[in-house]
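To be precise, the following lines are model_19.cif, and they hold mmCIF, C-alpha atoms.
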```
data_data
#
loop_
_atom_site.label_atom_id
_atom_site.label_comp_id
_atom_site.auth_asym_id
_atom_site.auth_seq_id
_atom_site.Cartn_x
_atom_site.Cartn_y
_atom_site.Cartn_z
CA MET U 75 82.93 94.37 133.62
CA LEU U 76 85.12 93.70 136.65
CA LEU U 77 86.87 96.31 138.78
CA ARG U 78 89.84 94.37 140.10
CA ARG U 79 91.81 97.02 141.95
CA LEU U 80 91.50 100.62 143.05
CA VAL U 81 94.51 102.69 144.09
CA LEU U 82 94.05 105.96 145.98
CA ARG U 83 96.86 108.47 146.64
CA GLN U 84 96.35 111.57 148.79
CA PHE U 85 92.61 111.21 148.24
CA ARG U 86 90.29 112.48 151.00
CA ASN U 87 91.51 110.82 154.23
CA TYR U 88 93.63 108.22 152.40
CA ASN U 89 97.39 108.68 152.26
CA GLU U 90 97.83 105.68 150.00
CA ALA U 91 95.52 102.71 149.69
CA CYS U 92 95.30 99.76 147.34
CA VAL U 93 92.30 97.45 147.48
CA ASP U 94 91.53 94.32 145.46
CA PHE U 95 87.81 93.66 145.07
CA GLY U 96 85.76 90.50 144.77
CA ALA U 97 83.72 89.74 141.69
CA GLY U 98 80.34 89.96 143.46
CA LEU U 99 79.16 91.80 146.54
CA ASN U 100 81.85 93.93 148.22
CA ILE U 101 80.80 95.26 151.64
CA LEU U 102 82.67 98.08 153.35
CA THR U 103 82.09 98.15 157.10
CA GLY U 104 83.32 100.39 159.89
CA ASP U 105 82.30 103.40 161.93
CA ASN U 106 81.25 106.67 160.35
CA ALA U 107 83.88 109.13 159.05
CA GLN U 108 86.50 106.41 158.53
CA GLY U 109 86.69 106.47 154.72
CA LYS U 110 83.99 104.10 153.45
CA THR U 111 82.16 106.74 151.43
CA SER U 112 85.45 108.21 150.20
CA LEU U 113 86.38 104.83 148.74
CA LEU U 114 83.06 104.68 146.90
CA GLU U 115 83.62 108.26 145.78
CA GLY U 116 86.90 107.19 144.21
CA ILE U 117 85.12 104.44 142.27
CA PHE U 118 82.42 106.83 141.08
CA LEU U 119 85.07 109.31 139.96
CA CYS U 120 86.25 106.64 137.52
CA VAL U 121 82.66 106.10 136.35
CA SER U 122 81.62 109.72 135.81
CA ALA U 123 84.74 111.94 136.21
CA ARG U 124 82.99 113.74 139.06
CA SER U 125 82.33 113.39 142.78
CA PHE U 126 78.87 112.71 144.19
CA ARG U 127 79.72 114.70 147.34
CA THR U 128 81.21 117.97 146.13
CA GLN U 129 81.43 120.14 143.03
CA GLN U 130 84.88 121.35 144.05
CA THR U 131 87.55 118.89 142.88
CA ARG U 132 90.02 120.53 145.27
CA ASP U 133 88.00 119.09 148.18
CA LEU U 134 89.18 115.60 147.17
CA ILE U 135 92.83 116.40 147.92
CA ARG U 136 93.99 115.09 151.30
CA GLU U 137 94.47 117.90 153.80
CA GLY U 138 98.00 119.25 153.66
CA GLU U 139 98.78 117.70 150.28
CA SER U 140 99.04 119.25 146.82
CA PHE U 141 97.43 116.59 144.62
CA PHE U 142 95.38 113.41 144.50
CA ALA U 143 95.40 110.43 142.15
CA VAL U 144 92.92 107.60 141.59
CA GLU U 145 93.79 104.55 139.52
CA ALA U 146 91.34 101.82 138.49
CA HIS U 147 92.43 98.46 137.11
CA PHE U 148 89.57 96.56 135.51
CA LYS U 149 88.67 93.92 132.98
CA LYS U 150 86.39 94.88 130.12
CA VAL U 151 85.45 92.68 127.13
CA GLY U 152 88.01 90.20 128.43
CA VAL U 153 90.90 92.69 128.34
CA ASP U 154 92.78 94.16 131.33
CA GLN U 155 92.49 97.96 131.28
CA ARG U 156 93.51 100.97 133.35
CA LEU U 157 91.98 104.37 134.03
CA PHE U 158 94.01 107.06 135.81
CA TYR U 159 92.72 110.39 137.16
CA SER U 160 94.78 113.03 138.94
CA PHE U 161 94.41 116.65 140.02
CA ASP U 162 97.15 118.94 141.30
CA GLY U 163 94.99 121.85 142.40
CA SER U 164 94.76 123.43 138.96
CA ASN U 165 95.12 120.75 136.28
CA LYS U 166 93.10 117.56 135.82
CA ARG U 167 94.69 114.65 134.00
CA VAL U 168 92.94 111.51 132.78
CA GLU U 169 94.59 108.59 131.03
CA TYR U 170 92.89 105.52 129.62
CA ASN U 171 95.34 102.69 128.99
CA SER U 172 98.13 105.33 129.03
CA THR U 173 96.37 107.45 126.38
CA PRO U 174 95.53 110.98 127.61
CA PHE U 175 91.92 112.13 127.32
CA ARG U 176 91.34 115.61 125.90
CA SER U 177 88.12 116.03 127.89
CA LEU U 178 86.71 114.65 131.13
CA ALA U 179 83.54 113.80 129.22
CA GLN U 180 85.46 111.00 127.51
CA VAL U 181 85.45 109.10 130.80
CA LEU U 182 81.72 108.43 130.49
CA GLY U 183 81.14 104.91 129.24
CA VAL U 184 84.65 103.62 129.94
CA LEU U 185 83.64 102.07 133.25
CA PRO U 186 79.81 102.14 133.27
CA GLY U 187 78.13 102.23 136.64
CA VAL U 188 75.16 103.27 138.76
CA LEU U 189 75.21 105.13 142.06
CA MET U 190 72.70 104.67 144.89
CA VAL U 191 73.11 107.11 147.79
CA PRO U 192 70.94 108.51 150.62
CA GLN U 193 70.72 111.81 148.72
CA ASP U 194 68.70 109.97 146.08
CA ASP U 195 65.57 111.07 147.89
CA ASN U 196 66.12 114.28 145.88
CA LEU U 197 64.90 112.33 142.87
CA ILE U 198 61.46 112.59 144.42
CA LYS U 199 61.67 115.46 146.89
CA GLY U 200 64.03 117.72 144.96
CA GLY U 201 63.70 119.84 141.86
CA PRO U 202 63.66 118.78 138.20
CA ARG U 203 67.45 119.14 137.78
CA SER U 204 68.18 116.00 139.81
CA ARG U 205 65.67 114.00 137.75
CA ARG U 206 67.12 115.28 134.47
CA HIS U 207 70.57 114.30 135.71
CA TYR U 208 69.25 110.80 136.45
CA LEU U 209 68.35 110.45 132.77
CA ASP U 210 71.36 112.30 131.36
CA LEU U 211 74.07 110.34 133.15
CA GLN U 212 72.81 106.94 132.10
CA LEU U 213 72.17 108.08 128.52
CA ALA U 214 75.63 109.65 128.24
CA GLN U 215 77.27 106.39 129.34
CA VAL U 216 75.83 104.46 126.39
CA ASP U 217 75.40 107.13 123.71
CA ALA U 218 78.29 109.49 122.92
CA HIS U 219 76.07 111.34 120.45
CA TYR U 220 73.62 112.14 123.25
CA LEU U 221 76.39 113.77 125.28
CA HIS U 222 77.51 115.67 122.17
CA GLN U 223 74.00 117.01 121.62
CA LEU U 224 73.61 117.91 125.29
CA VAL U 225 76.84 119.94 125.24
CA ARG U 226 75.86 121.47 121.90
CA TYR U 227 72.48 122.55 123.30
CA GLN U 228 74.02 124.10 126.41
CA LYS U 229 76.63 126.06 124.44
CA ALA U 230 74.02 127.41 122.02
CA MET U 231 71.72 128.34 124.90
CA ARG U 232 74.48 130.32 126.61
CA GLN U 233 74.94 132.33 123.41
CA ARG U 234 71.20 132.88 123.04
CA ASN U 235 70.88 133.95 126.69
CA HIS U 236 73.67 136.49 126.16
CA LEU U 237 71.78 137.96 123.20
CA LEU U 238 68.57 138.05 125.22
CA ARG U 239 70.31 139.97 128.01
CA ILE U 240 71.69 142.61 125.63
CA ARG U 241 68.42 142.66 123.63
CA ASP U 242 70.15 141.84 120.34
CA THR U 243 68.13 139.55 118.05
CA SER U 244 70.12 140.10 114.86
CA THR U 245 71.80 136.65 114.97
CA ILE U 246 69.62 134.92 117.56
CA SER U 247 67.92 132.64 115.03
CA LEU U 248 71.25 130.91 114.32
CA TRP U 249 71.53 129.81 117.95
CA GLU U 250 67.84 128.90 118.10
CA THR U 251 68.34 126.56 115.15
CA GLU U 252 71.27 124.89 116.93
CA MET U 253 69.23 124.55 120.10
CA ALA U 254 66.16 123.14 118.36
CA ARG U 255 68.19 120.49 116.50
CA ALA U 256 69.97 119.37 119.65
CA ALA U 257 66.76 119.49 121.69
CA ALA U 258 65.03 117.18 119.21
CA TYR U 259 67.60 114.43 119.81
CA ILE U 260 67.79 114.98 123.58
CA VAL U 261 64.03 114.86 124.11
CA ALA U 262 63.51 111.85 121.83
CA GLN U 263 66.17 109.88 123.71
CA ARG U 264 64.83 110.92 127.10
CA HIS U 265 61.34 109.80 126.11
CA ALA U 266 62.62 106.40 124.91
CA ALA U 267 64.75 105.88 128.01
CA THR U 268 61.87 106.81 130.32
CA CYS U 269 59.51 104.30 128.70
CA ASP U 270 62.09 101.54 129.12
CA LEU U 271 62.95 102.53 132.69
CA SER U 272 59.29 102.73 133.72
CA ALA U 273 58.63 99.08 132.84
CA ARG U 274 61.80 97.92 134.57
CA ALA U 275 61.19 100.08 137.67
CA THR U 276 57.65 98.74 138.09
CA ALA U 277 58.93 95.17 138.25
CA ARG U 278 61.72 96.10 140.65
CA TYR U 279 59.36 98.07 142.88
CA SER U 280 56.94 95.15 143.12
CA ARG U 281 59.76 92.89 144.30
CA LEU U 282 60.89 95.42 146.90
CA THR U 283 57.43 96.02 148.35
CA GLU U 284 55.80 92.65 147.63
CA GLN U 285 52.81 94.62 146.42
CA HIS U 286 51.32 95.21 143.00
CA GLU U 287 51.21 99.00 143.02
CA PRO U 288 52.59 100.17 139.67
CA LEU U 289 55.53 102.56 139.83
CA SER U 290 55.55 104.61 136.64
CA LEU U 291 57.96 107.12 135.15
CA ARG U 292 56.84 109.65 132.56
CA TYR U 293 58.95 112.24 130.80
CA ARG U 294 57.20 115.59 131.04
CA SER U 295 57.79 117.65 127.93
CA PRO U 296 55.45 119.95 125.98
CA ALA U 297 56.74 118.23 122.83
CA PRO U 298 54.61 115.07 122.47
CA ALA U 299 56.46 111.78 122.68
CA SER U 300 54.78 110.54 119.51
CA ASP U 301 56.38 113.28 117.41
CA THR U 302 59.31 112.50 115.12
CA PRO U 303 62.65 114.27 115.79
CA GLU U 304 61.87 116.60 112.88
CA GLU U 305 58.51 117.52 114.41
CA ILE U 306 60.13 118.06 117.81
CA GLU U 307 62.71 120.35 116.21
CA THR U 308 59.95 122.35 114.51
CA TYR U 309 58.05 122.59 117.79
CA TYR U 310 61.00 124.07 119.72
CA MET U 311 61.93 126.43 116.88
CA ARG U 312 58.40 127.80 116.97
CA LYS U 313 58.52 128.16 120.77
CA TYR U 314 61.81 130.08 120.63
CA ILE U 315 60.44 132.49 118.02
CA GLU U 316 57.11 132.99 119.78
CA GLY U 317 58.71 133.42 123.20
CA ARG U 318 61.44 135.93 122.33
CA GLU U 319 59.74 139.02 123.72
CA ARG U 320 58.92 137.35 127.01
CA GLU U 321 62.40 135.83 127.24
CA ILE U 322 64.05 139.18 126.52
CA ALA U 323 62.17 140.51 129.55
CA GLN U 324 63.24 137.49 131.62
CA LYS U 325 66.78 137.59 130.15
CA HIS U 326 67.04 133.82 129.71
CA THR U 327 65.57 130.90 127.75
CA LEU U 328 62.35 129.57 129.25
CA TYR U 329 61.67 126.58 126.97
CA GLY U 330 63.62 123.45 126.17
CA PRO U 331 65.10 120.26 127.65
CA HIS U 332 66.86 122.27 130.39
CA THR U 333 63.45 123.02 131.96
CA GLU U 334 61.72 119.66 131.57
CA ASP U 335 61.00 117.06 134.21
CA LEU U 336 60.40 113.40 135.00
CA ALA U 337 57.11 112.45 136.68
CA ILE U 338 57.37 109.65 139.27
CA GLU U 339 54.05 108.11 140.25
CA ILE U 340 52.71 105.17 142.26
CA SER U 341 49.28 103.97 141.16
CA GLY U 342 48.96 107.16 139.11
CA ARG U 343 49.63 109.50 142.05
CA ASP U 344 52.63 111.80 142.44
CA CYS U 345 55.23 110.20 144.73
CA LYS U 346 56.32 113.53 146.14
CA HIS U 347 52.92 114.40 147.56
CA PHE U 348 51.11 111.10 148.07
CA ALA U 349 53.69 108.37 148.79
CA SER U 350 54.87 107.47 152.29
CA GLU U 351 58.55 107.72 153.25
CA GLY U 352 58.87 103.96 152.89
CA GLN U 353 57.25 104.00 149.45
CA GLN U 354 59.54 106.82 148.35
CA ARG U 355 62.68 104.96 149.46
CA CYS U 356 61.56 101.83 147.63
CA ALA U 357 60.69 103.85 144.53
CA VAL U 358 64.14 105.44 144.42
CA ALA U 359 65.85 102.07 144.92
CA ALA U 360 63.70 100.59 142.13
CA MET U 361 64.70 103.44 139.81
CA ARG U 362 68.38 102.80 140.45
CA LEU U 363 67.97 99.06 139.90
CA ALA U 364 66.08 99.80 136.69
CA GLU U 365 68.93 102.08 135.63
CA TRP U 366 71.43 99.26 136.22
CA GLU U 367 69.24 96.81 134.32
CA ARG U 368 68.89 99.14 131.34
CA LEU U 369 72.63 99.83 131.18
CA HIS U 370 73.27 96.10 131.33
CA ALA U 371 70.95 95.59 128.36
CA LEU U 372 72.83 98.21 126.32
CA ILE U 373 76.50 97.49 127.06
CA ASP U 374 78.81 94.53 126.67
CA GLY U 375 79.02 93.41 130.30
CA LYS U 376 77.50 94.27 133.65
CA PRO U 377 77.82 97.82 134.98
CA LEU U 378 79.14 98.48 138.46
CA LEU U 379 76.69 99.31 141.25
CA ILE U 380 77.82 101.63 144.05
CA VAL U 381 75.65 101.79 147.18
CA ASP U 382 76.48 104.20 150.00
CA ASP U 383 74.85 103.75 153.44
CA PHE U 384 73.02 100.61 152.37
CA ALA U 385 69.24 100.65 152.91
CA LEU U 386 69.37 103.70 155.17
CA GLY U 387 65.90 104.23 156.64
CA MET U 388 64.52 100.90 155.38
CA ASP U 389 63.05 98.34 157.72
CA ALA U 390 64.57 94.86 157.95
CA THR U 391 62.10 93.34 155.50
CA ARG U 392 62.73 95.90 152.76
CA ARG U 393 66.47 95.76 153.45
CA ASN U 394 66.52 92.00 152.91
CA LEU U 395 64.45 92.27 149.75
CA LEU U 396 66.83 94.90 148.39
CA LEU U 397 69.88 92.79 149.25
CA GLN U 398 68.36 89.83 147.39
CA GLN U 399 68.20 91.96 144.25
CA LEU U 400 71.71 93.36 144.70
CA ALA U 401 73.14 89.87 145.10
CA GLU U 402 71.76 88.95 141.66
CA LEU U 403 73.64 91.72 139.90
CA GLY U 404 77.28 91.90 138.91
CA GLN U 405 79.92 93.64 140.99
CA VAL U 406 78.40 95.67 143.82
CA PHE U 407 80.21 98.02 146.24
CA LEU U 408 78.22 98.66 149.38
CA SER U 409 79.04 100.67 152.49
CA THR U 410 77.35 100.29 155.85
CA ALA U 411 77.90 101.19 159.49
CA GLN U 412 75.84 98.15 160.51
CA ASP U 413 77.18 94.81 161.63
CA PRO U 414 77.66 92.86 158.37
CA ALA U 415 76.19 89.79 160.06
CA SER U 416 72.87 91.63 160.21
CA ILE U 417 73.01 92.24 156.45
CA VAL U 418 74.54 89.17 154.88
CA GLY U 419 72.49 86.08 155.45
CA ASP U 420 73.00 82.48 154.48
CA GLY U 421 73.70 81.88 150.82
CA VAL U 422 74.96 85.43 150.12
CA ASP U 423 78.53 85.41 148.89
CA ALA U 424 80.30 88.63 149.84
CA THR U 425 83.81 90.03 150.30
CA LEU U 426 84.00 92.01 153.54
CA PHE U 427 86.33 94.95 154.16
CA HIS U 428 86.82 96.89 157.37
CA VAL U 429 87.68 100.57 156.97
CA GLN U 430 89.29 102.47 159.83
CA HIS U 431 91.19 105.78 159.73
CA GLY U 432 91.81 105.52 156.00
CA THR U 433 93.07 101.95 156.17
CA ILE U 434 91.27 99.10 154.41
CA ASN U 435 91.58 95.50 155.53
CA LEU U 436 89.80 92.29 154.64
CA SER U 437 87.46 91.21 157.42
#
```

I'd like the structure from this file rewritten - as structure tokens, please.
Amino acid sequence: MLLRRLVLRQFRNYNEACVDFGAGLNILTGDNAQGKTSLLEGIFLCVSARSFRTQQTRDLIREGESFFAVEAHFKKVGVDQRLFYSFDGSNKRVEYNSTPFRSLAQVLGVLPGVLMVPQDDNLIKGGPRSRRHYLDLQLAQVDAHYLHQLVRYQKAMRQRNHLLRIRDTSTISLWETEMARAAAYIVAQRHAATCDLSARATARYSRLTEQHEPLSLRYRSPAPASDTPEEIETYYMRKYIEGREREIAQKHTLYGPHTEDLAIEISGRDCKHFASEGQQRCAVAAMRLAEWERLHALIDGKPLLIVDDFALGMDATRRNLLLQQLAELGQVFLSTAQDPASIVGDGVDATLFHVQHGTINLS
């Protein structure tokens, strides 16, 4: 996987920009509020069809303009390819090699990648939704059936919640059956992914901290991991039937993959309550590196890695240890307000860009 060129038109603070990237470490330097993060946002839009900074696509349109467009030129499985995304304030358009996509969800997996941002501390400090999203995004990039089941579950749950609100159970079992079947696949895949990620994250964490404290990830679901998909389906179907009266009173579904969580522990203790700030930052970085490593094992090629505000809050030792791991990966896009000389040491091959007022130049 190699992102060769990114073209931005009327995107954030860019009027028009075209940047050709190096095959390894690409470092974006410059003062704050100059466009470094916006450039990374454009790359991530091609990875996930969404921004990591806003839920409102309209926010991505340059002030005073009526549209934006992002165009990625990349090489995948040895073939030059193109992904185009535009939004005119009301309509989103995505083309892959000039073929229109019917749904934004089709973008997932075209240009696989991993995002590492300062907001990642929400993986530990935030609620379960951010941890579920951590699992869902990587699974959806390598398994189209997982995304299908996730959408299927959410649609069925909306119908069930409507029936709960109006206290109508005449057809509710039909939607519960749909939910239980989808939940069985979702939970089984989340369990498998978590086991794989936990082993990889432990190794990455040890390298970042130079200590032998085990970092472990554990998917927290009332349905046991050892159960078969059929047993998981039976479990959720029973929970939906048994919980109807309570859920009618609450007016929404209380059980299922939409409520479950990912436990993050160091030496068997909850990171949120027992780990230091430094340990938490290293744990989050290790989880993202583990995510990259797992994607790499499952796809044909190396996924992209996008790093905003590199090593924010890390001391020099941890920063250098993280950079050593990043330099071993494929194509990495990294933004920093620091002097690049303080980041890139001897033997690290990097392409440097300076970003100023929405203009990108090679340093």

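For the atom pair formed by CA of Ser409 in chain U and CA of Glu339 in chain U, the distance is 28.8 Å, given to one decimal.
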
- Query: Can you list, as a ChimeraX atom specification, every protein, DNA or RNA residue that comes within 12 Å of Glu334 in chain U when you count all atoms listed in the file, leaving out same-chain residues fewer than 5 positions away?
  - Reply: /U:201-207,209,257,260-261,264-265,292-297,328-329

Please produce a file of the residues just selected, as an mmCIF file, in the frame of the given file, where the atoms kept are C-alpha atoms.
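Output (result-v6.cif):
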```
data_model
loop_
_atom_site.group_PDB
_atom_site.id
_atom_site.type_symbol
_atom_site.label_atom_id
_atom_site.label_comp_id
_atom_site.auth_asym_id
_atom_site.auth_seq_id
_atom_site.Cartn_x
_atom_site.Cartn_y
_atom_site.Cartn_z
ATOM 1 C CA GLY U 201 63.700 119.840 141.860
ATOM 2 C CA PRO U 202 63.660 118.780 138.200
ATOM 3 C CA ARG U 203 67.450 119.140 137.780
ATOM 4 C CA SER U 204 68.180 116.000 139.810
ATOM 5 C CA ARG U 205 65.670 114.000 137.750
ATOM 6 C CA ARG U 206 67.120 115.280 134.470
ATOM 7 C CA HIS U 207 70.570 114.300 135.710
ATOM 8 C CA LEU U 209 68.350 110.450 132.770
ATOM 9 C CA ALA U 257 66.760 119.490 121.690
ATOM 10 C CA ILE U 260 67.790 114.980 123.580
ATOM 11 C CA VAL U 261 64.030 114.860 124.110
ATOM 12 C CA ARG U 264 64.830 110.920 127.100
ATOM 13 C CA HIS U 265 61.340 109.800 126.110
ATOM 14 C CA ARG U 292 56.840 109.650 132.560
ATOM 15 C CA TYR U 293 58.950 112.240 130.800
ATOM 16 C CA ARG U 294 57.200 115.590 131.040
ATOM 17 C CA SER U 295 57.790 117.650 127.930
ATOM 18 C CA PRO U 296 55.450 119.950 125.980
ATOM 19 C CA ALA U 297 56.740 118.230 122.830
ATOM 20 C CA LEU U 328 62.350 129.570 129.250
ATOM 21 C CA TYR U 329 61.670 126.580 126.970
#
```

- request: Check which residues satisfy the PyMOL selection byres ((chain U and resi 412) around 10) in the file shown, then give them as a VMD selection string.
  value: chain U and resid 102 to 105 383 to 384 409 to 411 413 to 417

task = Would you mind listing what lies within 10 Å of Trp366 in chain U as a list in words, with only C-alpha atoms counted and same-chain residues fewer than 5 positions away left out?
result =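 These residues fall inside the cut-off: Pro186, Gly187, Val188, Leu189, Gln212, Leu271, Arg274, Ala360, Met361, Ala371, Lys376, Pro377, Leu378, Leu379, Leu403 and Gly404 of chain U.
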
Give as a list of chain:residue names each residue that has an atom at most 12 Å from (99.1, 110.2, 150.0) in the file, counting only C-alpha atoms. U:Val81, U:Leu82, U:Arg83, U:Gln84, U:Phe85, U:Arg86, U:Asn87, U:Tyr88, U:Asn89, U:Glu90, U:Ala91, U:Cys92, U:Leu134, U:Ile135, U:Arg136, U:Glu137, U:Gly138, U:Glu139, U:Ser140, U:Phe141, U:Phe142, U:Ala143, U:Val144, U:Gly432, U:Thr433
